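Printed here is input33.tsv (TSV, C-alpha atoms and all ligand atoms):
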```tsv
chain	number	residue	atom	x	y	z
A	1	MET	CA	142.12	65.48	56.44
A	2	THR	CA	142.49	62.01	54.96
A	3	LYS	CA	144.53	59.14	56.30
A	4	ILE	CA	144.16	55.54	57.42
A	5	TYR	CA	145.47	54.83	60.92
A	6	THR	CA	146.36	51.25	61.86
A	7	SER	CA	148.41	51.77	65.04
A	8	ALA	CA	148.30	54.14	67.99
A	9	SER	CA	151.80	55.49	67.29
A	10	GLN	CA	150.49	56.95	64.00
A	11	ILE	CA	147.81	59.08	65.67
A	12	ASP	CA	148.82	62.67	65.00
A	13	PHE	CA	145.60	64.46	66.01
A	14	SER	CA	143.35	64.83	69.00
A	15	LEU	CA	139.57	64.64	68.85
A	16	THR	CA	139.21	68.41	69.14
A	17	ASP	CA	141.11	68.78	65.82
A	18	ILE	CA	138.41	66.78	64.05
A	19	PRO	CA	135.43	68.69	62.58
A	20	SER	CA	132.21	68.12	64.47
A	21	MET	CA	129.16	66.45	62.93
A	22	PRO	CA	125.61	66.70	64.33
A	23	ALA	CA	124.11	63.60	65.98
A	24	PRO	CA	121.48	61.94	63.75
A	25	SER	CA	117.83	62.60	64.59
A	26	ASN	CA	116.11	60.10	62.27
A	27	VAL	CA	116.00	56.34	62.16
A	28	MET	CA	115.33	54.05	59.21
A	29	MET	CA	114.09	50.48	59.72
A	30	VAL	CA	113.14	47.72	57.28
A	31	LYS	CA	110.00	45.69	58.09
A	32	PRO	CA	110.75	42.07	59.04
A	33	THR	CA	107.96	40.66	56.83
A	34	TYR	CA	110.39	38.43	54.92
A	35	PHE	CA	113.03	38.07	57.64
A	36	ASP	CA	114.22	34.49	58.13
A	37	VAL	CA	117.39	32.40	58.31
A	38	GLU	CA	117.56	30.82	54.84
A	39	TYR	CA	121.34	30.40	54.44
A	40	VAL	CA	124.47	30.44	56.61
A	41	ILE	CA	126.91	33.34	56.11
A	42	ASN	CA	128.09	33.77	59.71
A	43	PRO	CA	128.65	31.29	62.58
A	44	HIS	CA	125.54	32.41	64.47
A	45	MET	CA	123.29	31.25	61.63
A	46	LYS	CA	124.47	27.63	61.87
A	47	ASN	CA	121.59	25.29	62.78
A	48	GLN	CA	119.11	28.18	62.62
A	49	ILE	CA	117.71	27.66	59.12
A	50	GLY	CA	113.93	27.67	59.43
A	51	GLN	CA	114.05	28.32	63.20
A	52	VAL	CA	112.81	31.93	63.21
A	53	ASP	CA	109.45	32.51	64.91
A	54	LYS	CA	108.02	35.07	62.48
A	55	MET	CA	105.36	36.42	64.81
A	56	GLN	CA	107.85	36.85	67.62
A	57	ALA	CA	110.28	38.58	65.24
A	58	GLN	CA	107.55	41.05	64.25
A	59	ASN	CA	106.78	41.75	67.95
A	60	GLU	CA	110.44	42.32	68.79
A	61	TRP	CA	110.85	44.64	65.82
A	62	ASP	CA	107.68	46.60	66.73
A	63	HIS	CA	108.93	47.16	70.29
A	64	LEU	CA	112.28	48.39	69.05
A	65	GLN	CA	110.57	50.83	66.67
A	66	ASP	CA	108.46	52.11	69.61
A	67	GLY	CA	111.67	52.47	71.64
A	68	PHE	CA	113.23	54.83	69.10
A	69	GLU	CA	110.02	56.83	68.88
A	70	GLU	CA	109.81	57.11	72.68
A	71	LEU	CA	113.29	58.63	72.65
A	72	GLY	CA	112.06	61.27	70.19
A	73	PHE	CA	113.44	59.89	66.93
A	74	ASP	CA	111.42	59.93	63.70
A	75	VAL	CA	111.33	56.37	62.40
A	76	HIS	CA	111.06	55.87	58.62
A	77	VAL	CA	109.93	52.39	57.65
A	78	ILE	CA	110.81	50.62	54.39
A	79	ASP	CA	108.93	47.52	53.24
A	80	GLY	CA	110.86	44.27	53.22
A	81	VAL	CA	111.41	42.43	49.94
A	82	LYS	CA	110.57	38.78	49.37
A	83	GLY	CA	113.74	36.74	48.82
A	84	LEU	CA	115.94	39.19	50.79
A	85	PRO	CA	115.66	37.79	54.34
A	86	ASP	CA	118.58	39.83	55.73
A	87	MET	CA	117.42	43.22	54.41
A	88	VAL	CA	115.97	43.90	57.87
A	89	PHE	CA	119.59	44.47	58.98
A	90	CYS	CA	119.57	47.91	57.41
A	91	ALA	CA	122.83	49.10	58.99
A	92	ASN	CA	124.66	47.13	56.32
A	93	GLN	CA	123.72	48.43	52.87
A	94	SER	CA	125.07	51.97	53.26
A	95	LEU	CA	127.13	54.55	55.13
A	96	PRO	CA	125.33	57.90	55.39
A	97	PHE	CA	126.80	61.20	56.62
A	98	ILE	CA	126.23	64.93	56.57
A	99	ASP	CA	128.69	67.45	55.17
A	100	SER	CA	129.70	70.65	56.97
A	101	ASP	CA	127.38	72.59	54.61
A	102	GLY	CA	124.44	70.34	55.56
A	103	THR	CA	124.47	68.22	52.37
A	104	LYS	CA	123.31	64.66	53.09
A	105	LYS	CA	125.34	62.00	51.33
A	106	VAL	CA	125.51	58.23	51.40
A	107	ILE	CA	128.08	55.67	50.24
A	108	MET	CA	126.40	52.49	49.04
A	109	SER	CA	127.84	49.14	50.14
A	110	ILE	CA	129.31	46.33	48.04
A	111	MET	CA	127.99	43.36	49.99
A	112	HIS	CA	130.47	40.56	50.61
A	113	ALA	CA	127.76	37.91	50.76
A	114	PRO	CA	126.28	37.19	47.28
A	115	GLN	CA	122.92	36.44	48.95
A	116	ARG	CA	122.71	40.06	50.16
A	117	LYS	CA	123.87	42.01	47.08
A	118	LYS	CA	120.37	42.87	45.80
A	119	GLU	CA	119.47	44.65	49.05
A	120	VAL	CA	121.69	47.60	48.15
A	121	GLU	CA	119.67	48.82	45.15
A	122	VAL	CA	116.42	48.79	47.16
A	123	ILE	CA	117.95	50.94	49.88
A	124	GLU	CA	119.60	53.21	47.29
A	125	THR	CA	116.23	53.92	45.67
A	126	TRP	CA	114.86	54.94	49.05
A	127	TYR	CA	117.79	57.32	49.71
A	128	LYS	CA	117.06	59.02	46.37
A	129	THR	CA	113.51	59.82	47.50
A	130	ARG	CA	115.00	61.38	50.68
A	131	GLY	CA	117.24	63.72	48.68
A	132	TYR	CA	120.56	62.09	49.57
A	133	GLU	CA	123.50	62.43	47.19
A	134	ILE	CA	124.48	58.85	46.29
A	135	LEU	CA	128.14	57.83	46.14
A	136	HIS	CA	129.54	54.53	44.87
A	137	LEU	CA	132.87	52.89	45.56
A	138	ASP	CA	135.03	51.88	42.59
A	139	SER	CA	134.26	48.16	42.38
A	140	SER	CA	137.36	47.53	40.27
A	141	LYS	CA	139.42	48.39	43.37
A	142	VAL	CA	137.15	47.41	46.26
A	143	ASN	CA	135.75	43.89	46.63
A	144	ASP	CA	133.53	44.43	49.62
A	145	PHE	CA	132.24	46.99	52.10
A	146	GLU	CA	129.22	46.35	54.34
A	147	GLY	CA	128.28	49.88	55.36
A	148	MET	CA	127.66	50.67	59.00
A	149	GLY	CA	128.08	47.02	59.91
A	150	ASP	CA	131.80	47.82	59.70
A	151	ALA	CA	132.11	51.62	59.42
A	152	ILE	CA	131.07	53.47	62.56
A	153	TRP	CA	131.20	57.23	63.13
A	154	HIS	CA	132.80	58.56	66.27
A	155	PHE	CA	130.17	60.37	68.34
A	156	LYS	CA	129.52	63.81	66.78
A	157	ARG	CA	132.90	63.88	65.00
A	158	LYS	CA	133.85	63.39	61.37
A	159	LEU	CA	136.10	60.51	62.32
A	160	LEU	CA	135.35	57.01	61.10
A	161	TRP	CA	136.17	53.68	62.72
A	162	GLY	CA	136.48	50.96	60.06
A	163	GLY	CA	136.45	47.23	60.76
A	164	TYR	CA	137.96	44.90	58.16
A	165	GLY	CA	138.81	41.26	57.65
A	166	PHE	CA	135.53	39.40	57.13
A	167	ARG	CA	132.92	41.52	55.31
A	168	SER	CA	134.84	44.68	54.37
A	169	SER	CA	138.35	45.18	52.95
A	170	ILE	CA	140.83	47.78	54.07
A	171	SER	CA	140.97	49.01	50.44
A	172	ALA	CA	137.41	50.30	50.92
A	173	TYR	CA	138.64	52.65	53.62
A	174	GLU	CA	141.33	54.12	51.37
A	175	GLN	CA	138.59	55.19	48.96
A	176	ILE	CA	136.16	56.29	51.64
A	177	SER	CA	138.78	58.45	53.33
A	178	GLU	CA	139.36	60.29	50.03
A	179	MET	CA	135.68	60.54	49.11
A	180	LEU	CA	134.62	61.95	52.46
A	181	ASP	CA	137.83	63.79	53.29
A	182	THR	CA	137.94	62.08	56.66
A	183	PRO	CA	140.50	60.20	58.75
A	184	ILE	CA	139.72	56.53	59.35
A	185	ILE	CA	140.97	54.37	62.18
A	186	ALA	CA	141.08	50.83	60.76
A	187	LEU	CA	140.55	47.90	63.13
A	188	GLU	CA	141.31	44.36	62.01
A	189	LEU	CA	138.76	41.77	63.14
A	190	VAL	CA	140.20	38.37	64.05
A	191	ASP	CA	137.32	36.16	65.23
A	192	ASP	CA	134.59	35.20	62.74
A	193	LYS	CA	131.91	35.25	65.47
A	194	TYR	CA	132.56	39.02	65.45
A	195	TYR	CA	132.43	39.37	61.69
A	196	HIS	CA	131.22	42.98	61.65
A	197	LEU	CA	132.72	45.80	63.71
A	198	ASP	CA	129.28	46.50	65.20
A	199	THR	CA	129.31	43.08	66.92
A	200	CYS	CA	132.34	44.03	69.07
A	201	PHE	CA	132.60	47.85	69.10
A	202	CYS	CA	129.87	50.29	70.15
A	203	VAL	CA	130.61	54.03	70.36
A	204	LEU	CA	128.55	55.34	73.30
A	205	ASN	CA	129.64	58.97	73.15
A	206	GLU	CA	132.78	61.02	72.64
A	207	LYS	CA	134.59	59.50	75.64
A	208	ASN	CA	132.98	56.08	76.18
A	209	VAL	CA	133.01	52.92	74.11
A	210	LEU	CA	131.74	49.38	74.71
A	211	ILE	CA	133.85	46.58	73.19
A	212	TYR	CA	134.53	42.86	73.19
A	213	PRO	CA	138.36	42.88	73.42
A	214	ASP	CA	139.17	39.40	72.04
A	215	ALA	CA	137.75	40.33	68.63
A	216	PHE	CA	140.68	42.73	68.03
A	217	THR	CA	144.44	42.64	67.52
A	218	GLU	CA	146.84	44.28	70.03
A	219	ASN	CA	147.16	47.23	67.64
A	220	GLY	CA	143.42	47.60	67.51
A	221	LEU	CA	143.06	47.58	71.29
A	222	GLU	CA	145.80	50.19	71.60
A	223	LEU	CA	144.00	52.44	69.11
A	224	ILE	CA	140.72	52.10	71.00
A	225	ASN	CA	142.36	52.78	74.36
A	226	HIS	CA	144.22	55.75	72.91
A	227	MET	CA	141.07	57.47	71.62
A	228	PHE	CA	138.55	56.76	74.40
A	229	GLU	CA	138.79	57.79	78.05
A	230	ASN	CA	136.61	54.91	79.22
A	231	VAL	CA	136.53	51.48	77.58
A	232	ILE	CA	133.76	49.20	78.87
A	233	GLU	CA	134.35	45.51	78.16
A	234	ALA	CA	131.67	42.87	77.61
A	235	THR	CA	132.15	39.28	78.78
A	236	SER	CA	132.43	36.62	76.09
A	237	TYR	CA	129.04	35.16	77.09
A	238	GLU	CA	127.17	38.44	76.73
A	239	ALA	CA	129.07	39.49	73.59
A	240	GLU	CA	128.63	36.18	71.78
A	241	LYS	CA	125.28	34.84	72.98
A	242	MET	CA	123.44	38.09	73.80
A	243	PHE	CA	124.99	40.44	71.24
A	244	ALA	CA	125.56	42.91	74.09
A	245	VAL	CA	127.95	45.02	72.02
A	246	ASN	CA	125.52	45.28	69.09
A	247	ALA	CA	123.78	48.00	71.10
A	248	THR	CA	123.21	51.60	70.11
A	249	CYS	CA	123.52	54.90	71.94
A	250	PRO	CA	122.11	57.39	69.45
A	251	ASP	CA	122.16	60.45	71.74
A	252	GLY	CA	125.23	59.76	73.88
A	253	LYS	CA	123.11	58.92	76.93
A	254	ASN	CA	120.39	56.33	76.24
A	255	VAL	CA	121.57	52.84	75.32
A	256	LEU	CA	119.21	50.44	73.52
A	257	ILE	CA	120.45	46.90	74.06
A	258	GLN	CA	119.42	43.23	73.99
A	259	GLN	CA	117.46	42.25	77.09
A	260	GLY	CA	119.30	40.47	79.91
A	261	CYS	CA	122.89	41.68	79.40
A	262	THR	CA	123.25	41.90	83.18
A	263	ASP	CA	126.99	42.51	83.43
A	264	VAL	CA	127.24	45.07	80.61
A	265	ASN	CA	124.10	46.85	81.77
A	266	GLN	CA	125.51	47.32	85.27
A	267	LYS	CA	128.73	48.71	83.81
A	268	LEU	CA	126.70	51.07	81.60
A	269	ARG	CA	124.65	52.27	84.57
A	270	ASP	CA	127.83	52.78	86.61
A	271	ALA	CA	129.06	55.01	83.77
A	272	LYS	CA	125.77	57.01	84.04
A	273	PHE	CA	124.02	55.69	80.93
A	274	SER	CA	120.27	54.99	80.83
A	275	VAL	CA	119.72	51.41	79.72
A	276	HIS	CA	116.68	50.34	77.66
A	277	GLU	CA	116.39	46.59	77.12
A	278	TYR	CA	114.74	44.97	74.09
A	279	SER	CA	114.29	41.34	73.17
A	280	THR	CA	115.93	40.63	69.79
A	281	TYR	CA	116.36	36.86	70.22
A	282	GLU	CA	114.84	36.05	66.81
A	283	PHE	CA	117.33	38.35	65.08
A	284	ILE	CA	120.29	36.99	67.08
A	285	LYS	CA	119.58	33.67	65.32
A	286	SER	CA	120.75	35.46	62.17
A	287	GLY	CA	123.74	37.16	63.81
A	288	GLY	CA	122.30	40.61	64.51
A	289	SER	CA	120.65	42.68	67.22
A	290	VAL	CA	119.69	46.28	67.97
A	291	PHE	CA	122.52	48.16	66.24
A	292	CYS	CA	122.13	46.50	62.87
A	293	MET	CA	118.31	46.55	62.85
A	294	LYS	CA	118.31	50.30	62.20
A	295	MET	CA	120.13	53.05	60.33
A	296	MET	CA	120.62	56.43	61.99
A	297	LEU	CA	120.07	59.34	59.61
A	298	TRP	CA	120.03	63.11	59.53
B	301	LIG	N1	122.56	37.48	58.72
B	301	LIG	C1	123.15	38.78	58.54
B	301	LIG	C2	124.52	38.64	57.88
B	301	LIG	O1	125.23	37.73	58.20
B	301	LIG	C3	123.24	39.49	59.83
B	301	LIG	C4	123.77	40.89	59.71
B	301	LIG	C5	123.83	41.59	61.01
B	301	LIG	N2	124.33	42.87	60.85
B	301	LIG	C6	125.33	43.42	61.56
B	301	LIG	N3	125.69	44.62	61.25
B	301	LIG	N4	125.96	42.80	62.50
B	301	LIG	O2	124.90	39.43	57.06
```

Could you write out this file's structure as structure tokens?
Ligand code: ARG
Amino acid sequence: MTKIYTSASQIDFSLTDIPSMPAPSNVMMVKPTYFDVEYVINPHMKNQIGQVDKMQAQNEWDHLQDGFEELGFDVHVIDGVKGLPDMVFCANQSLPFIDSDGTKKVIMSIMHAPQRKKEVEVIETWYKTRGYEILHLDSSKVNDFEGMGDAIWHFKRKLLWGGYGFRSSISAYEQISEMLDTPIIALELVDDKYYHLDTCFCVLNEKNVLIYPDAFTENGLELINHMFENVIEATSYEAEKMFAVNATCPDGKNVLIQQGCTDVNQKLRDAKFSVHEYSTYEFIKSGGSVFCMKMMLW
């Protein structure tokens, strides 16, 4: 079942028609040893060059790792690489998935930012040691694709949500849909503060999603409202300054989120989620928080 959907009127399936996919049980993280803000490739990084407190960043990262372990996930840690300060955002270099026969596969990214291109080969080497089948996009047809920064699986379904406009191109989704034999709902991003889909769209479980609405077009909002029973909205303050939407809900119940997102956290609790708060202030200086500091794996 392959197709790219860009408006709600095109949706010709319901979620129960889509093959199921197990929830991931492993987490990969990249050590923040060389994490820093050394260049500006998104609006959050402006005026932050050299402002990262390295010790604090290490503490924040350690606590987040503990958080995943406390929830029962196996955390696999990759060493950082000198000269690749953004490699710690390991949601971006790849898009992993598991086939119906249990084969683990991964599509490697084509980073938009030249400063981040070398990260991909390091992560690819690691996937090889884990027995993943490695897939590459045709770079003569696709300029950029930043992995799970922009491509987010629906909860436990082989249905992909694909953000495009800043770091990934819609042409990437045409190829990915064919390669993975999966439908893709493409969402155009319109505000450069929300340059990756994971900054404004967080799948909580099959029926619930957390979003920042102003990052999307009308068509995008209609698609989101069509597919989810409950759409929780973040305020602009919490979405922009606290990265509230860059949260993760790996098991459909527990949400790991930046500390102090008071409004979103209340809405999550009202919807019966358990909220676990982590400080990621050092990483927010670079334009990322909980979601992009990890990769969920099978
Ligand atoms: N400084 C990084 C960049 O601009 C931050 C990436 C954060 N990742 C994310 N998926 N939002 O590429």

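Here CA of Trp61 (chain A) is placed at a distance of 28.2 Å from CA of Glu206 (chain A).
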
Item to check | Protein and nucleic residues near ligand LIG 301 (chain B), 10 Å, only C-alpha atoms and all ligand atoms, as a PyMOL selection string | outcome: chain A and resi 35-45+85-93+111-113+115-116+146-151+167+194-200+243+245-246+283-294

Checklist entry - Could you work out how far CA of Ser25 (chain A) lies from CA of Phe155 (chain A), giving the answer in Å with one decimal? => result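 That distance, rounded to one decimal, is 13.1 Å.
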
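Put simply, CA of His63 (chain A) is 21.8 Å away from CA of Ala239 (chain A).
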
How close does region 146-165 of chain A get to region 16-21 of chain A? List, as a tab-separated table, each residue of region 146-165 of chain A within 6 Å, its nearest atom pair and the distance in Å to one decimal, counting only C-alpha atoms.
```
residue	atom	partner	partner_atom	distance
A:Lys156	CA	A:Met21	CA	4.7
A:Arg157	CA	A:Ser20	CA	4.3
A:Lys158	CA	A:Pro19	CA	5.7
```

Using all atoms listed in the file, which residues sit within 10 Å of Ala244 (chain A) once same-chain residues fewer than 5 positions away are excluded, as a PDB file with C-alpha atoms, in the coordinates of the input?
```
ATOM      1  CA  THR A 199     129.310  43.080  66.920  1.00  0.00           C
ATOM      2  CA  CYS A 200     132.340  44.030  69.070  1.00  0.00           C
ATOM      3  CA  PHE A 201     132.600  47.850  69.100  1.00  0.00           C
ATOM      4  CA  CYS A 202     129.870  50.290  70.150  1.00  0.00           C
ATOM      5  CA  LEU A 210     131.740  49.380  74.710  1.00  0.00           C
ATOM      6  CA  ILE A 211     133.850  46.580  73.190  1.00  0.00           C
ATOM      7  CA  TYR A 212     134.530  42.860  73.190  1.00  0.00           C
ATOM      8  CA  ALA A 234     131.670  42.870  77.610  1.00  0.00           C
ATOM      9  CA  THR A 235     132.150  39.280  78.780  1.00  0.00           C
ATOM     10  CA  SER A 236     132.430  36.620  76.090  1.00  0.00           C
ATOM     11  CA  TYR A 237     129.040  35.160  77.090  1.00  0.00           C
ATOM     12  CA  GLU A 238     127.170  38.440  76.730  1.00  0.00           C
ATOM     13  CA  ALA A 239     129.070  39.490  73.590  1.00  0.00           C
ATOM     14  CA  LEU A 256     119.210  50.440  73.520  1.00  0.00           C
ATOM     15  CA  ILE A 257     120.450  46.900  74.060  1.00  0.00           C
ATOM     16  CA  GLN A 258     119.420  43.230  73.990  1.00  0.00           C
ATOM     17  CA  GLN A 259     117.460  42.250  77.090  1.00  0.00           C
ATOM     18  CA  GLY A 260     119.300  40.470  79.910  1.00  0.00           C
ATOM     19  CA  CYS A 261     122.890  41.680  79.400  1.00  0.00           C
ATOM     20  CA  THR A 262     123.250  41.900  83.180  1.00  0.00           C
ATOM     21  CA  ASP A 263     126.990  42.510  83.430  1.00  0.00           C
ATOM     22  CA  VAL A 264     127.240  45.070  80.610  1.00  0.00           C
ATOM     23  CA  ASN A 265     124.100  46.850  81.770  1.00  0.00           C
ATOM     24  CA  SER A 289     120.650  42.680  67.220  1.00  0.00           C
ATOM     25  CA  VAL A 290     119.690  46.280  67.970  1.00  0.00           C
ATOM     26  CA  PHE A 291     122.520  48.160  66.240  1.00  0.00           C
TER      27      PHE A 291
END
```

Checklist entry - So which one's closest to Lys117 (chain A), A:Val275, A:Leu223, A:Leu84, A:Leu15? Using only C-alpha atoms, please. => result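 Looking at the shortest contact to Lys117 (chain A), the residue is A:Leu84.
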
Next on the checklist: Tell me which residues come within 8 Å of (134.9, 53.2, 62.0), as a list of chain:residue names, counting all atoms listed in the file in the file's coordinates.
Outcome noted: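 So the residues meeting the distance criterion are A:Asp150, A:Ala151, A:Ile152, A:Trp153, A:His154, A:Leu159, A:Leu160, A:Trp161, A:Gly162, A:Gly163, A:Ile184, A:Ile185, A:Ala186, A:Leu187, A:Leu197.
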
Checklist entry - Asp74 (chain A): which residues within 12 Å, counting only C-alpha atoms, same-chain residues fewer than 3 positions away excluded, as a VMD selection string? => result chain A and resid 24 to 29 65 to 71 77 294 to 298

Item to check | Among listed residues A:Val142, A:Leu204, A:Thr248, A:Asn47, nearest Gln175 (chain A) (using all atoms listed in the file) | outcome: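 Going through A:Val142, A:Leu204, A:Thr248, A:Asn47 one by one, the smallest distance to Gln175 (chain A) is for A:Val142.
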
Next on the checklist: For region 94-100 of chain A, find every residue with an atom within 6 Å (counting all atoms listed in the file), except residues of its own chain fewer than 5 positions away, and show them as an MDAnalysis selection string.
Outcome noted: chainID A and resid 105:109 147:148

Checklist entry - Near Ile224 (chain A), within 10 Å and counting only C-alpha atoms, which residues show up once chain neighbours fewer than 2 positions away are dropped, as a PyMOL selection string? => result chain A and resi 7-8+161+185+187+201+209+211+213+216+218-222+226-231

Next on the checklist: I'd like to know which of A:Asp79, A:Glu119, A:Glu240, A:Glu133 is closest to Lys104 (chain A), using all atoms listed in the file.
Outcome noted: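 Using all atoms listed in the file, Lys104 (chain A) sits closest to A:Glu133.
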
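Between His136 (chain A) and the candidates A:Asp270, A:Phe73, A:Ile110, A:Tyr278, the tightest atom-to-atom separation, counting only C-alpha atoms, involves A:Ile110.
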
Next on the checklist: For Lys3 (chain A), find every residue with an atom within 8 Å (counting all atoms listed in the file), except residues of its own chain fewer than 2 positions away, and show them as a PyMOL selection string.
Outcome noted: chain A and resi 1+5+174+177+182-184

Return as JSON the centre and edge lengths, in Å with one decimal, of the box along x, y and z that encloses every atom of region 25-36 of chain A in the file, padded by 4 Å per side.
```
{"center_x": 112.9, "center_y": 48.5, "center_z": 59.8, "size_x": 17.9, "size_y": 36.1, "size_z": 17.7}
```

Please complete region 79-98 of chain A with N, CA and C atoms and give it back as a PDB file, in the frame of the given file.
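Okay, rebuild11.pdb is ready:
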```pdb
ATOM      1  N   ASP A  79     109.462  48.882  53.351  1.00  0.00           N
ATOM      2  CA  ASP A  79     108.930  47.520  53.240  1.00  0.00           C
ATOM      3  C   ASP A  79     110.046  46.524  52.967  1.00  0.00           C
ATOM      4  N   GLY A  80     109.923  45.348  53.538  1.00  0.00           N
ATOM      5  CA  GLY A  80     110.860  44.270  53.220  1.00  0.00           C
ATOM      6  C   GLY A  80     110.612  43.770  51.806  1.00  0.00           C
ATOM      7  N   VAL A  81     111.542  42.975  51.295  1.00  0.00           N
ATOM      8  CA  VAL A  81     111.410  42.430  49.940  1.00  0.00           C
ATOM      9  C   VAL A  81     111.514  40.916  50.029  1.00  0.00           C
ATOM     10  N   LYS A  82     110.571  40.237  49.392  1.00  0.00           N
ATOM     11  CA  LYS A  82     110.570  38.780  49.370  1.00  0.00           C
ATOM     12  C   LYS A  82     111.879  38.269  48.742  1.00  0.00           C
ATOM     13  N   GLY A  83     112.494  37.291  49.365  1.00  0.00           N
ATOM     14  CA  GLY A  83     113.740  36.740  48.820  1.00  0.00           C
ATOM     15  C   GLY A  83     114.989  37.437  49.365  1.00  0.00           C
ATOM     16  N   LEU A  84     114.793  38.507  50.176  1.00  0.00           N
ATOM     17  CA  LEU A  84     115.940  39.190  50.790  1.00  0.00           C
ATOM     18  C   LEU A  84     115.769  39.148  52.312  1.00  0.00           C
ATOM     19  N   PRO A  85     115.983  37.974  52.924  1.00  0.00           N
ATOM     20  CA  PRO A  85     115.660  37.790  54.340  1.00  0.00           C
ATOM     21  C   PRO A  85     116.511  38.607  55.304  1.00  0.00           C
ATOM     22  N   ASP A  86     117.694  39.061  54.848  1.00  0.00           N
ATOM     23  CA  ASP A  86     118.580  39.830  55.730  1.00  0.00           C
ATOM     24  C   ASP A  86     118.444  41.340  55.541  1.00  0.00           C
ATOM     25  N   MET A  87     117.526  41.769  54.672  1.00  0.00           N
ATOM     26  CA  MET A  87     117.420  43.220  54.410  1.00  0.00           C
ATOM     27  C   MET A  87     117.024  43.990  55.666  1.00  0.00           C
ATOM     28  N   VAL A  88     116.383  43.297  56.600  1.00  0.00           N
ATOM     29  CA  VAL A  88     115.970  43.900  57.870  1.00  0.00           C
ATOM     30  C   VAL A  88     117.178  44.488  58.628  1.00  0.00           C
ATOM     31  N   PHE A  89     118.374  43.951  58.349  1.00  0.00           N
ATOM     32  CA  PHE A  89     119.590  44.470  58.980  1.00  0.00           C
ATOM     33  C   PHE A  89     120.078  45.667  58.149  1.00  0.00           C
ATOM     34  N   CYS A  90     119.389  46.783  58.327  1.00  0.00           N
ATOM     35  CA  CYS A  90     119.570  47.910  57.410  1.00  0.00           C
ATOM     36  C   CYS A  90     120.732  48.825  57.804  1.00  0.00           C
ATOM     37  N   ALA A  91     121.573  48.368  58.747  1.00  0.00           N
ATOM     38  CA  ALA A  91     122.830  49.100  58.990  1.00  0.00           C
ATOM     39  C   ALA A  91     123.877  48.723  57.943  1.00  0.00           C
ATOM     40  N   ASN A  92     123.596  47.723  57.127  1.00  0.00           N
ATOM     41  CA  ASN A  92     124.660  47.130  56.320  1.00  0.00           C
ATOM     42  C   ASN A  92     124.777  47.603  54.866  1.00  0.00           C
ATOM     43  N   GLN A  93     123.707  48.155  54.303  1.00  0.00           N
ATOM     44  CA  GLN A  93     123.720  48.430  52.870  1.00  0.00           C
ATOM     45  C   GLN A  93     124.305  49.803  52.533  1.00  0.00           C
ATOM     46  N   SER A  94     124.637  50.604  53.539  1.00  0.00           N
ATOM     47  CA  SER A  94     125.070  51.970  53.260  1.00  0.00           C
ATOM     48  C   SER A  94     125.823  52.590  54.421  1.00  0.00           C
ATOM     49  N   LEU A  95     126.479  53.712  54.119  1.00  0.00           N
ATOM     50  CA  LEU A  95     127.130  54.550  55.130  1.00  0.00           C
ATOM     51  C   LEU A  95     126.726  56.002  54.865  1.00  0.00           C
ATOM     52  N   PRO A  96     125.747  56.519  55.604  1.00  0.00           N
ATOM     53  CA  PRO A  96     125.330  57.900  55.390  1.00  0.00           C
ATOM     54  C   PRO A  96     126.149  58.890  56.229  1.00  0.00           C
ATOM     55  N   PHE A  97     126.162  60.144  55.807  1.00  0.00           N
ATOM     56  CA  PHE A  97     126.800  61.200  56.620  1.00  0.00           C
ATOM     57  C   PHE A  97     126.289  62.551  56.163  1.00  0.00           C
ATOM     58  N   ILE A  98     126.664  63.570  56.919  1.00  0.00           N
ATOM     59  CA  ILE A  98     126.230  64.930  56.570  1.00  0.00           C
ATOM     60  C   ILE A  98     127.465  65.810  56.481  1.00  0.00           C
TER      61      ILE A  98
END
```
